[in-house]
>>> print(open('run22.txt').read())   # compact mmCIF, C-alpha atoms
# COMPACT_ATOMS: atom_id res chain seq x y z
CA MET A 1138 -19.98 -12.17 7.97
CA SER A 1139 -17.34 -10.58 10.16
CA VAL A 1140 -14.35 -8.66 8.82
CA LEU A 1141 -12.00 -11.49 9.83
CA GLU A 1142 -14.18 -14.12 8.14
CA ARG A 1143 -14.06 -12.14 4.92
CA LEU A 1144 -10.30 -11.72 5.22
CA ASP A 1145 -10.02 -15.50 5.63
CA ASP A 1146 -12.07 -16.08 2.46
CA LEU A 1147 -9.84 -13.72 0.49
CA TYR A 1148 -6.70 -15.28 1.97
CA ALA A 1149 -7.79 -18.72 0.73
CA ILE A 1150 -7.92 -17.62 -2.90
CA GLY A 1151 -5.05 -19.11 -4.87
CA GLY A 1152 -3.76 -21.27 -2.04
CA GLY A 1153 -0.79 -20.76 0.21
CA PRO A 1154 1.62 -20.31 1.67
CA GLY A 1155 0.41 -16.77 2.27
CA ALA A 1156 -1.74 -14.55 0.07
CA ASN A 1157 -1.10 -15.00 -3.65
CA ARG A 1158 -3.31 -12.57 -5.56
CA LEU A 1159 -0.85 -10.80 -7.83
CA GLY A 1160 -2.04 -7.79 -9.80
CA GLY A 1161 -3.55 -8.79 -13.14
CA SER A 1162 -3.87 -12.44 -12.16
CA ARG A 1163 -6.89 -14.74 -12.17
CA GLU A 1164 -6.70 -14.69 -8.36
CA GLU A 1165 -7.06 -10.91 -8.26
CA ASP A 1166 -10.07 -11.24 -10.55
CA GLU A 1167 -11.59 -13.83 -8.23
CA ALA A 1168 -11.09 -11.57 -5.22
CA HIS A 1169 -12.84 -8.69 -6.99
CA GLU A 1170 -15.75 -10.93 -7.94
CA LEU A 1171 -16.10 -12.12 -4.33
CA VAL A 1172 -16.05 -8.59 -2.91
CA ALA A 1173 -18.50 -7.38 -5.55
CA GLY A 1174 -20.93 -9.99 -4.25
CA TRP A 1175 -20.46 -8.78 -0.68
CA MET A 1176 -21.11 -5.23 -1.83
CA ARG A 1177 -24.37 -6.24 -3.48
CA ASP A 1178 -25.40 -8.19 -0.38
CA ALA A 1179 -24.84 -4.99 1.65
CA GLY A 1180 -27.16 -3.05 -0.66
CA LEU A 1181 -24.45 -1.13 -2.50
CA GLU A 1182 -24.61 -0.28 -6.18
CA VAL A 1183 -21.65 -2.00 -7.84
CA SER A 1184 -19.73 -0.66 -10.85
CA VAL A 1185 -16.36 -1.14 -12.54
CA ASP A 1186 -14.41 1.59 -14.34
CA PRO A 1187 -12.26 1.19 -17.51
CA ALA A 1188 -9.22 0.33 -15.35
CA ARG A 1189 -11.33 -2.43 -13.71
CA ASN A 1190 -11.33 -0.69 -10.33
CA LEU A 1191 -14.31 -1.89 -8.29
CA PHE A 1192 -16.77 0.55 -6.67
CA GLY A 1193 -19.65 -0.08 -4.26
CA ARG A 1194 -21.85 2.97 -3.62
CA LEU A 1195 -24.43 3.70 -0.95
CA ALA A 1196 -26.43 6.54 -2.47
CA GLY A 1197 -26.67 9.76 -0.47
CA HIS A 1198 -29.72 11.93 0.08
CA ARG A 1199 -28.05 14.64 -2.01
CA ALA A 1200 -26.61 13.00 -5.09
CA GLU A 1201 -25.23 16.31 -6.37
CA LEU A 1202 -22.66 16.51 -3.56
CA PRO A 1203 -19.18 15.03 -4.10
CA GLU A 1204 -18.87 11.54 -2.67
CA VAL A 1205 -16.84 10.30 0.32
CA TRP A 1206 -14.68 7.25 -0.40
CA THR A 1207 -12.90 4.57 1.56
CA GLY A 1208 -11.10 1.43 0.40
CA SER A 1209 -7.73 0.08 -0.67
CA HIS A 1210 -6.65 -2.84 -2.89
CA LEU A 1211 -7.14 -6.62 -3.11
CA ASP A 1212 -3.96 -7.72 -4.89
CA SER A 1213 -1.03 -9.04 -2.86
CA VAL A 1214 2.67 -9.72 -3.16
CA PRO A 1215 3.69 -13.38 -3.59
CA GLU A 1216 3.23 -15.21 -0.28
CA GLY A 1217 1.91 -12.02 1.27
CA GLY A 1218 -0.08 -11.27 4.40
CA ARG A 1219 -3.73 -11.67 5.27
CA PHE A 1220 -4.39 -7.98 6.05
CA ASP A 1221 -2.36 -5.87 3.60
CA GLY A 1222 -4.77 -4.03 1.30
CA ALA A 1223 -7.68 -6.40 1.89
CA LEU A 1224 -8.42 -4.97 5.35
CA GLY A 1225 -9.00 -1.53 3.82
CA VAL A 1226 -11.61 -2.94 1.45
CA VAL A 1227 -13.56 -5.28 3.73
CA GLY A 1228 -13.13 -3.00 6.76
CA GLY A 1229 -14.29 -0.11 4.61
CA LEU A 1230 -17.32 -2.12 3.51
CA GLU A 1231 -18.23 -2.82 7.13
CA ALA A 1232 -17.72 0.84 8.08
CA VAL A 1233 -19.99 2.05 5.26
CA ALA A 1234 -22.67 -0.48 6.24
CA ARG A 1235 -22.58 0.81 9.83
CA ALA A 1236 -22.63 4.45 8.72
CA GLY A 1237 -25.78 3.96 6.67
CA ARG A 1238 -27.25 6.44 4.24
CA ARG A 1239 -26.03 10.02 4.64
CA GLU A 1240 -26.17 13.34 2.81
CA ARG A 1241 -23.24 12.42 0.60
CA THR A 1242 -22.88 9.13 -1.24
CA LEU A 1243 -20.48 6.74 0.50
CA CYS A 1244 -18.28 4.60 -1.74
CA VAL A 1245 -16.01 1.61 -1.12
CA VAL A 1246 -13.31 1.21 -3.78
CA ALA A 1247 -10.91 -1.64 -4.53
CA PHE A 1248 -8.14 -0.38 -6.79
CA ARG A 1249 -6.40 -2.76 -9.19
CA ASP A 1250 -2.76 -3.90 -9.22
CA GLU A 1251 -1.45 -1.65 -6.49
CA GLU A 1252 1.50 -3.73 -5.23
CA GLY A 1253 3.55 -3.35 -8.41
CA CYS A 1254 5.21 -6.77 -8.25
CA SER A 1255 5.95 -6.64 -11.99
CA GLY A 1256 5.50 -2.94 -12.74
CA PRO A 1257 5.34 0.57 -11.33
CA GLY A 1258 2.55 -0.16 -8.81
CA CYS A 1259 -0.61 1.74 -7.90
CA VAL A 1260 -1.92 1.03 -11.40
CA GLY A 1261 -5.61 1.35 -10.54
CA SER A 1262 -5.36 4.50 -8.45
CA ARG A 1263 -3.14 6.22 -11.03
CA ALA A 1264 -5.58 5.27 -13.79
CA PHE A 1265 -8.45 6.77 -11.80
CA ARG A 1266 -6.42 9.91 -11.05
CA ASP A 1267 -5.75 10.43 -14.76
CA SER A 1268 -9.19 9.39 -16.03
CA GLY A 1269 -11.01 12.71 -15.74
CA ALA A 1270 -13.71 11.10 -13.57
CA ALA A 1271 -15.26 13.15 -10.76
CA TRP A 1272 -13.07 13.23 -7.66
CA PRO A 1273 -14.40 12.45 -4.19
CA ALA A 1274 -14.71 15.06 -1.47
CA ALA A 1275 -12.48 12.87 0.70
CA PHE A 1276 -10.75 9.49 0.59
CA VAL A 1277 -9.98 7.72 3.87
CA GLU A 1278 -7.90 4.56 3.64
CA LEU A 1279 -7.77 1.96 6.40
CA HIS A 1280 -4.55 -0.09 6.35
CA VAL A 1281 -2.30 -2.12 8.61
CA GLU A 1282 0.85 -0.25 9.55
CA GLN A 1283 3.26 -2.84 8.13
CA GLY A 1284 5.85 -1.73 10.65
CA PRO A 1285 6.66 -1.92 14.38
CA ARG A 1286 6.12 1.63 15.63
CA LEU A 1287 2.53 1.37 16.90
CA GLU A 1288 3.30 -1.92 18.60
CA ARG A 1289 6.31 -0.38 20.34
CA LEU A 1290 4.16 2.56 21.50
CA GLY A 1291 1.38 0.29 22.72
CA ALA A 1292 -1.07 2.14 20.44
CA PRO A 1293 -3.72 0.18 18.52
CA LEU A 1294 -4.35 2.95 15.96
CA GLY A 1295 -2.43 5.74 14.29
CA VAL A 1296 -3.15 8.64 11.94
CA VAL A 1297 -0.80 9.00 8.98
CA THR A 1298 0.55 12.51 8.42
CA GLY A 1299 2.28 11.77 5.13
CA ILE A 1300 3.77 9.18 2.81
CA VAL A 1301 7.48 9.09 1.98
CA ALA A 1302 9.11 10.06 -1.29
CA THR A 1303 10.22 7.05 -3.32
CA ALA A 1304 12.49 6.09 -6.20
CA ARG A 1305 12.38 2.67 -7.84
CA GLY A 1306 13.97 1.03 -10.83
CA GLU A 1307 16.75 -1.26 -12.04
CA LEU A 1308 20.50 -0.98 -12.53
CA VAL A 1309 22.65 -3.05 -14.88
CA PHE A 1310 26.26 -3.98 -14.04
CA ALA A 1311 28.45 -5.21 -16.87
CA GLY A 1312 31.44 -7.50 -16.50
CA GLU A 1313 33.26 -10.12 -18.49
CA PRO A 1314 32.21 -13.77 -18.29
CA GLY A 1315 34.96 -16.32 -17.91
CA HIS A 1316 35.83 -19.71 -16.52
CA ALA A 1317 35.49 -19.81 -12.72
CA GLY A 1318 38.49 -22.12 -12.35
CA THR A 1319 40.99 -20.76 -14.85
CA THR A 1320 40.59 -16.96 -14.69
CA PRO A 1321 42.96 -15.42 -12.10
CA MET A 1322 41.33 -13.21 -9.49
CA ALA A 1323 43.52 -10.27 -10.40
CA GLY A 1324 42.22 -10.18 -13.95
CA ARG A 1325 38.53 -10.65 -13.36
CA ARG A 1326 35.69 -8.27 -14.21
CA ASP A 1327 32.94 -9.81 -12.09
CA ALA A 1328 29.61 -8.05 -12.59
CA PHE A 1329 28.18 -9.47 -9.39
CA VAL A 1330 31.03 -8.02 -7.32
CA GLY A 1331 30.24 -4.60 -8.81
CA ALA A 1332 26.59 -5.01 -7.91
CA ALA A 1333 27.45 -6.14 -4.38
CA GLU A 1334 29.77 -3.18 -3.81
CA PHE A 1335 27.00 -0.85 -4.98
CA ALA A 1336 24.50 -2.46 -2.59
CA LEU A 1337 26.83 -1.81 0.32
CA ARG A 1338 27.34 1.84 -0.70
CA LEU A 1339 23.58 2.22 -1.03
CA ARG A 1340 23.06 0.86 2.47
CA GLU A 1341 25.56 3.37 3.86
CA ALA A 1342 23.92 6.27 2.01
CA ALA A 1343 20.47 5.35 3.37
CA ALA A 1344 21.83 5.01 6.90
CA GLY A 1345 23.07 8.61 6.65
CA VAL A 1346 19.55 9.99 6.13
CA GLU A 1347 17.13 10.06 9.04
CA ASP A 1348 14.32 7.55 8.37
CA GLY A 1349 15.80 6.85 4.93
CA VAL A 1350 15.81 3.27 3.63
CA ALA A 1351 17.13 1.51 0.55
CA THR A 1352 16.65 -2.04 -0.67
CA VAL A 1353 18.07 -4.27 -3.37
CA GLY A 1354 15.37 -6.92 -3.43
CA ARG A 1355 15.91 -8.69 -6.74
CA VAL A 1356 19.13 -9.80 -8.45
CA ALA A 1357 19.40 -11.47 -11.86
CA VAL A 1358 22.84 -12.92 -12.66
CA GLU A 1359 23.88 -13.85 -16.20
CA PRO A 1360 24.80 -16.34 -17.48
CA GLY A 1361 23.81 -17.80 -14.12
CA ALA A 1362 26.07 -20.84 -13.95
CA SER A 1363 28.04 -21.75 -10.84
CA ASN A 1364 31.27 -22.19 -12.79
CA VAL A 1365 31.04 -18.99 -14.88
CA ILE A 1366 32.09 -15.50 -13.76
CA PRO A 1367 29.01 -13.26 -13.98
CA GLY A 1368 29.09 -11.10 -17.09
CA ARG A 1369 25.89 -9.14 -16.47
CA VAL A 1370 23.84 -8.45 -13.34
CA VAL A 1371 20.53 -6.62 -13.07
CA VAL A 1372 19.42 -5.43 -9.62
CA SER A 1373 16.25 -3.76 -8.42
CA VAL A 1374 16.59 -0.57 -6.38
CA ASP A 1375 13.98 0.80 -3.96
CA VAL A 1376 14.85 4.02 -2.12
CA ARG A 1377 12.57 5.90 0.31
CA ALA A 1378 12.93 9.00 2.45
CA PRO A 1379 10.58 11.36 4.33
CA ASP A 1380 11.19 14.17 1.83
CA GLU A 1381 12.81 14.91 -1.52
CA VAL A 1382 15.96 16.34 0.10
CA GLY A 1383 16.69 13.08 1.89
CA LEU A 1384 15.82 11.09 -1.21
CA GLU A 1385 18.29 13.10 -3.29
CA ARG A 1386 21.06 12.48 -0.77
CA ILE A 1387 20.64 8.73 -1.07
CA LEU A 1388 20.23 8.82 -4.84
CA SER A 1389 23.50 10.73 -5.23
CA ILE A 1390 25.32 7.39 -5.41
CA VAL A 1391 22.87 5.78 -7.84
CA PRO A 1392 24.34 5.94 -11.40
CA ALA A 1393 20.98 5.98 -13.21
CA GLU A 1394 17.63 7.73 -13.17
CA LEU A 1395 14.87 5.91 -11.27
CA ARG A 1396 11.09 6.31 -11.33
CA ARG A 1397 10.18 8.79 -8.62
CA ALA A 1398 7.10 9.59 -6.59
CA PRO A 1399 7.12 12.71 -4.39
CA ALA A 1400 6.26 12.68 -0.71
CA ALA A 1401 2.52 13.10 -0.16
CA ALA A 1402 1.00 14.96 2.78
CA MET A 1403 -2.36 13.85 4.11
CA ALA A 1404 -5.19 16.40 4.13
CA VAL A 1405 -5.93 18.43 7.26
CA GLU A 1406 -9.72 17.99 7.58
CA PRO A 1407 -10.16 14.22 7.19
CA SER A 1408 -7.04 13.61 9.28
CA ALA A 1409 -8.42 15.82 12.06
CA VAL A 1410 -11.71 13.90 11.94
CA LEU A 1411 -9.81 10.62 12.37
CA ARG A 1412 -7.88 12.00 15.36
CA GLU A 1413 -11.10 13.20 16.99
CA GLU A 1414 -12.80 9.85 16.44
CA ILE A 1415 -9.83 8.08 18.01
CA GLU A 1416 -10.12 10.36 21.04
CA ARG A 1417 -13.88 9.65 21.23
CA ALA A 1418 -12.97 5.96 21.42
CA GLY A 1419 -10.90 6.71 24.52
CA LEU A 1420 -7.53 6.34 22.80
CA ALA A 1421 -4.61 8.74 22.49
CA PRO A 1422 -4.13 9.77 18.84
CA VAL A 1423 -0.70 8.81 17.50
CA GLU A 1424 0.69 10.37 14.34
CA LEU A 1425 3.27 8.78 12.07
CA VAL A 1426 4.69 8.88 8.56
CA SER A 1427 4.12 5.91 6.28
CA GLY A 1428 7.22 4.33 4.81
CA ALA A 1429 5.12 2.37 2.32
CA GLY A 1430 3.30 3.74 -0.68
CA HIS A 1431 -0.48 3.64 -0.72
CA ASP A 1432 -3.49 4.47 -2.87
CA ALA A 1433 -4.09 7.44 -0.57
CA GLY A 1434 -0.71 8.86 -1.53
CA VAL A 1435 -1.51 8.72 -5.25
CA LEU A 1436 -4.82 10.50 -4.72
CA ALA A 1437 -3.33 13.03 -2.30
CA SER A 1438 -0.58 13.93 -4.78
CA ALA A 1439 -3.31 14.82 -7.28
CA GLY A 1440 -5.03 17.16 -4.83
CA ILE A 1441 -7.77 14.85 -3.54
CA PRO A 1442 -8.26 15.32 0.25
CA ALA A 1443 -6.92 12.01 1.58
CA ALA A 1444 -6.28 10.56 5.03
CA MET A 1445 -5.07 7.22 6.38
CA LEU A 1446 -5.88 5.24 9.51
CA PHE A 1447 -3.27 2.67 10.53
CA VAL A 1448 -4.01 -0.46 12.56
CA ARG A 1449 -1.23 -1.81 14.75
CA SER A 1450 0.82 -4.61 13.15
CA LEU A 1451 1.96 -7.20 15.68
CA ASN A 1452 4.73 -9.84 15.49
CA GLY A 1453 7.28 -7.02 15.34
CA GLY A 1454 5.39 -5.26 12.56
CA ILE A 1455 6.22 -7.89 9.95
CA SER A 1456 4.34 -7.53 6.67
CA HIS A 1457 4.37 -8.86 3.10
CA SER A 1458 4.60 -12.23 4.82
CA PRO A 1459 2.22 -14.97 6.05
CA GLU A 1460 3.36 -13.93 9.55
CA GLU A 1461 1.60 -10.56 9.18
CA PHE A 1462 -0.88 -10.18 12.05
CA SER A 1463 -3.22 -7.61 13.57
CA ASP A 1464 -5.45 -8.23 16.57
CA GLU A 1465 -9.22 -8.57 16.18
CA SER A 1466 -9.92 -5.99 18.88
CA ASP A 1467 -7.63 -3.46 17.17
CA ILE A 1468 -9.43 -4.07 13.89
CA GLU A 1469 -12.82 -3.60 15.53
CA GLN A 1470 -11.70 -0.27 17.01
CA ALA A 1471 -10.39 0.80 13.61
CA VAL A 1472 -13.64 -0.03 11.83
CA ALA A 1473 -15.61 1.88 14.48
CA VAL A 1474 -13.33 4.92 14.12
CA LEU A 1475 -13.52 4.76 10.33
CA SER A 1476 -17.30 4.48 10.38
CA GLY A 1477 -17.59 7.48 12.69
CA ALA A 1478 -15.28 9.49 10.45
CA LEU A 1479 -17.29 8.58 7.35
CA VAL A 1480 -20.52 9.64 9.05
CA ARG A 1481 -19.07 13.05 9.83
CA LEU A 1482 -17.44 13.56 6.42
CA ALA A 1483 -20.55 12.43 4.55
CA SER A 1484 -22.77 14.71 6.63
CA ALA A 1485 -20.72 17.82 5.88
CA GLN A 1486 -22.39 20.46 3.69
>>> encode(input="run22.txt", output="structure tokens")
Amino acid sequence: MSVLERLDDLYAIGGGPGANRLGGSREEDEAHELVAGWMRDAGLEVSVDPARNLFGRLAGHRAELPEVWTGSHLDSVPEGGRFDGALGVVGGLEAVARAGRRERTLCVVAFRDEEGCSGPGCVGSRAFRDSGAAWPAAFVELHVEQGPRLERLGAPLGVVTGIVATARGELVFAGEPGHAGTTPMAGRRDAFVGAAEFALRLREAAAGVEDGVATVGRVAVEPGASNVIPGRVVVSVDVRAPDEVGLERILSIVPAELRRAPAAAMAVEPSAVLREEIERAGLAPVELVSGAGHDAGVLASAGIPAAMLFVRSLNGGISHSPEEFSDESDIEQAVAVLSGALVRLASAQ
């Protein structure tokens, strides 16, 4: 089966519109079972750890050497895209199959519940990081960019230099419920107005930091009736910046402590190997920072040598949407580059 055929099979799980394989769901389980079968068909030894992360290993000639890993995740956001996460797993499987047996064991991993639709995210990779299990010599994640920069540059592939610092959480705004028709405007304490004013201030703060972004993506209004002034509003907050200094500048207007993840730099050696493999393919290596969090960032923050290869996202870079799209020829180049990088990293002494 081709990479795209496998992506289509995963995309069909759960039905549309879009990909609907939320972390912890039956659909995520089904995706893991399907990929485990593909791993076995490719001759890989399949295992699952206590966090239910899925591993497919191609044994190396020297089992005592630390392994080289590739992979990503199989869960999706609601009505998500065909490529996000899944490409890193099935593309990684194809790259390992092409690389064949090497000195070091090659491993394809599918981490669990990475999107964080109902929690902190990166559940599987964090569980592995904290498990005490042996760390790989390198982890190289293939992923779609989920943004427009490579498309604008006319570059099919890019090497990630680092992943932004993030802060996520919820804020509660309190007001006083009242009758929508009989309470004068001058005397109202409307919780939604307070939340809306905060969202505008947050937007201004993010605009003042280069490459900073901030999003209020979820709003819960109580009591939630059209003829009642909102008495309580809960909003989600997602803030990102290239470094902790920029993150702090945006967070200076946030009146609560949010869950934070520091910026994560990618490792020098595997990133250099990716750049060299891109050049061998006749392409100019492009470097960029990832504005999205990834498994590679969790592992890199723990000290595991990690690198990321981005594939160009088309349609203006749209992602987390059924409109997410990457070209088949770009994907083929990415798999070839990844396979070449794995060969070199797994042959290192």
>>> closest_residue(input="run22.txt", among="A:Ala1173, A:Leu1224, A:Met1322, A:Val1277", to="A:Thr1207", atoms="all atoms listed in the file")
A:Val1277
>>> residues_around(input="run22.txt", residues="A:Ala1333", least_positions_apart="4", cutoff="10 Å", atoms="all atoms listed in the file", output="VMD selection string")
chain A and resid 1310 1328 to 1329 1337 to 1339 1353 1356 1370 1372
>>> closest_residue(input="run22.txt", among="A:Ala1483, A:Leu1384, A:Ala1317, A:Ala1378", to="A:Gly1361", atoms="only C-alpha atoms")
A:Ala1317
>>> closest_atom_pairs(input="run22.txt", of="stretch 1216-1249 of chain A", to="stretch 1279-1301 of chain A", cutoff="10 Å", atoms="all atoms listed in the file", output="Markdown table")
| residue | atom | partner | partner_atom | distance |
| --- | --- | --- | --- | --- |
| A:Gly1218 | CA | A:Gln1283 | CA | 9.8 |
| A:Phe1220 | CA | A:Val1281 | CA | 6.7 |
| A:Asp1221 | CA | A:Val1281 | CA | 6.3 |
| A:Gly1222 | CA | A:His1280 | CA | 6.4 |
| A:Ala1223 | CA | A:His1280 | CA | 8.3 |
| A:Leu1224 | CA | A:His1280 | CA | 6.3 |
| A:Gly1225 | CA | A:Leu1279 | CA | 4.5 |
| A:Val1226 | CA | A:Leu1279 | CA | 8.0 |
| A:Val1227 | CA | A:Leu1279 | CA | 9.6 |
| A:Gly1228 | CA | A:Leu1279 | CA | 7.3 |
| A:Gly1229 | CA | A:Leu1279 | CA | 7.1 |
>>> closest_residue(input="run22.txt", among="A:Ser1458, A:Ser1213, A:Ser1373, A:Gln1470", to="A:Gly1253", atoms="only C-alpha atoms")
A:Ser1213
>>> closest_residue(input="run22.txt", among="A:Thr1320, A:Asn1452, A:Thr1303, A:Asn1364", to="A:Ala1400", atoms="only C-alpha atoms")
A:Thr1303
>>> atom_distance(input="run22.txt", atom1="atom CA of A:Ser1209", atom2="atom CA of A:Glu1416")
24.1 Å
>>> closest_residue(input="run22.txt", among="A:Gly1383, A:Ala1302, A:Glu1465, A:Asp1178", to="A:Ala1398", atoms="only C-alpha atoms")
A:Ala1302
>>> closest_residue(input="run22.txt", among="A:Val1346, A:Ala1247, A:Leu1159, A:Ile1150", to="A:Val1185", atoms="all atoms listed in the file")
A:Ala1247
>>> atom_distance(input="run22.txt", atom1="atom CA of A:Leu1191", atom2="atom CA of A:Asp1166")
10.5 Å
>>> atom_distance(input="run22.txt", atom1="atom CA of A:Gly1428", atom2="atom CA of A:Gly1349")
8.9 Å
>>> residues_around(input="run22.txt", residues="A:Pro1215", least_positions_apart="5", cutoff="12 Å", atoms="all atoms listed in the file", output="list in words")
Tyr1148, Gly1151, Gly1152, Gly1153, Pro1154, Gly1155, Ala1156, Asn1157, Arg1158, Leu1159, Gly1160, Ser1162, Glu1164, Glu1165, Glu1252, Gly1253, Cys1254, Ser1255, Ser1456, His1457, Ser1458 and Pro1459 of chain A
>>> residues_near_point(input="run22.txt", point="(-11.4, -1.7, -4.2)", cutoff="8 Å", atoms="all atoms listed in the file", output="list in words")
His1169, Asn1190, Leu1191, Phe1192, Gly1208, Ser1209, His1210, Leu1211, Val1226, Val1245, Val1246, Ala1247, Phe1248 and Arg1249 of chain A
>>> write_last_selection(input="run22.txt", atoms="C-alpha atoms", output="tab-separated table (two decimals), keeping the file's coordinate frame")
chain	number	residue	atom	x	y	z
A	1169	HIS	CA	-12.84	-8.69	-6.99
A	1190	ASN	CA	-11.33	-0.69	-10.33
A	1191	LEU	CA	-14.31	-1.89	-8.29
A	1192	PHE	CA	-16.77	0.55	-6.67
A	1208	GLY	CA	-11.10	1.43	0.40
A	1209	SER	CA	-7.73	0.08	-0.67
A	1210	HIS	CA	-6.65	-2.84	-2.89
A	1211	LEU	CA	-7.14	-6.62	-3.11
A	1226	VAL	CA	-11.61	-2.94	1.45
A	1245	VAL	CA	-16.01	1.61	-1.12
A	1246	VAL	CA	-13.31	1.21	-3.78
A	1247	ALA	CA	-10.91	-1.64	-4.53
A	1248	PHE	CA	-8.14	-0.38	-6.79
A	1249	ARG	CA	-6.40	-2.76	-9.19
>>> axis_aligned_box(input="run22.txt", around="stretch 1293-1302 of chain A", padding_each_side="4 Å", output="AutoDock Vina command-line options")
--center_x 2.4 --center_y 6.3 --center_z 8.6 --size_x 21.5 --size_y 20.3 --size_z 27.8
>>> residues_near_point(input="run22.txt", point="(-19.9, 9.8, 9.7)", cutoff="10 Å", atoms="all atoms listed in the file", output="PyMOL selection string")
chain A and resi 1205+1232-1233+1235-1240+1243+1410+1414+1474-1485
>>> residues_around(input="run22.txt", residues="A:Ala1439", least_positions_apart="2", cutoff="12 Å", atoms="all atoms listed in the file", output="list in words")
Ser1262, Arg1263, Ala1264, Phe1265, Arg1266, Asp1267, Ser1268, Gly1269, Trp1272, Pro1273, Ala1398, Pro1399, Ala1400, Ala1401, Ala1402, Met1403, Ala1404, Asp1432, Ala1433, Gly1434, Val1435, Leu1436, Ala1437, Ile1441, Pro1442 and Ala1443 of chain A
>>> write_last_selection(input="run22.txt", atoms="C-alpha atoms", output="mmCIF file, keeping the file's coordinate frame")
data_model
loop_
_atom_site.group_PDB
_atom_site.id
_atom_site.type_symbol
_atom_site.label_atom_id
_atom_site.label_comp_id
_atom_site.auth_asym_id
_atom_site.auth_seq_id
_atom_site.Cartn_x
_atom_site.Cartn_y
_atom_site.Cartn_z
ATOM 1 C CA SER A 1262 -5.360 4.500 -8.450
ATOM 2 C CA ARG A 1263 -3.140 6.220 -11.030
ATOM 3 C CA ALA A 1264 -5.580 5.270 -13.790
ATOM 4 C CA PHE A 1265 -8.450 6.770 -11.800
ATOM 5 C CA ARG A 1266 -6.420 9.910 -11.050
ATOM 6 C CA ASP A 1267 -5.750 10.430 -14.760
ATOM 7 C CA SER A 1268 -9.190 9.390 -16.030
ATOM 8 C CA GLY A 1269 -11.010 12.710 -15.740
ATOM 9 C CA TRP A 1272 -13.070 13.230 -7.660
ATOM 10 C CA PRO A 1273 -14.400 12.450 -4.190
ATOM 11 C CA ALA A 1398 7.100 9.590 -6.590
ATOM 12 C CA PRO A 1399 7.120 12.710 -4.390
ATOM 13 C CA ALA A 1400 6.260 12.680 -0.710
ATOM 14 C CA ALA A 1401 2.520 13.100 -0.160
ATOM 15 C CA ALA A 1402 1.000 14.960 2.780
ATOM 16 C CA MET A 1403 -2.360 13.850 4.110
ATOM 17 C CA ALA A 1404 -5.190 16.400 4.130
ATOM 18 C CA ASP A 1432 -3.490 4.470 -2.870
ATOM 19 C CA ALA A 1433 -4.090 7.440 -0.570
ATOM 20 C CA GLY A 1434 -0.710 8.860 -1.530
ATOM 21 C CA VAL A 1435 -1.510 8.720 -5.250
ATOM 22 C CA LEU A 1436 -4.820 10.500 -4.720
ATOM 23 C CA ALA A 1437 -3.330 13.030 -2.300
ATOM 24 C CA ILE A 1441 -7.770 14.850 -3.540
ATOM 25 C CA PRO A 1442 -8.260 15.320 0.250
ATOM 26 C CA ALA A 1443 -6.920 12.010 1.580
#
>>> build_atoms(input="run22.txt", residues="stretch 1398-1406 of chain A", atoms="N, CA, C and O atoms", output="compact mmCIF listing (two decimals), in the coordinates of the input")
# COMPACT_ATOMS: atom_id res chain seq x y z
N ALA A 1398 8.40 9.12 -7.06
CA ALA A 1398 7.10 9.59 -6.59
C ALA A 1398 7.37 10.53 -5.42
O ALA A 1398 8.08 10.17 -4.48
N PRO A 1399 6.83 11.75 -5.46
CA PRO A 1399 7.12 12.71 -4.39
C PRO A 1399 6.45 12.31 -3.09
O PRO A 1399 5.50 11.51 -3.06
N ALA A 1400 6.94 12.86 -1.99
CA ALA A 1400 6.26 12.68 -0.71
C ALA A 1400 4.86 13.27 -0.80
O ALA A 1400 4.63 14.25 -1.52
N ALA A 1401 3.92 12.66 -0.11
CA ALA A 1401 2.52 13.10 -0.16
C ALA A 1401 2.03 13.37 1.25
O ALA A 1401 2.09 12.50 2.12
N ALA A 1402 1.55 14.58 1.49
CA ALA A 1402 1.00 14.96 2.78
C ALA A 1402 -0.49 14.61 2.81
O ALA A 1402 -1.20 14.80 1.83
N MET A 1403 -0.94 14.12 3.94
CA MET A 1403 -2.36 13.85 4.11
C MET A 1403 -3.12 15.16 4.38
O MET A 1403 -2.55 16.12 4.91
N ALA A 1404 -4.39 15.18 4.03
CA ALA A 1404 -5.19 16.40 4.13
C ALA A 1404 -5.57 16.71 5.58
O ALA A 1404 -5.76 15.80 6.40
N VAL A 1405 -5.70 17.98 5.88
CA VAL A 1405 -5.93 18.43 7.26
C VAL A 1405 -7.29 17.97 7.78
O VAL A 1405 -7.38 17.37 8.86
N GLU A 1406 -8.38 18.24 7.03
CA GLU A 1406 -9.72 17.99 7.58
C GLU A 1406 -10.00 16.52 7.85
O GLU A 1406 -10.36 16.16 8.98
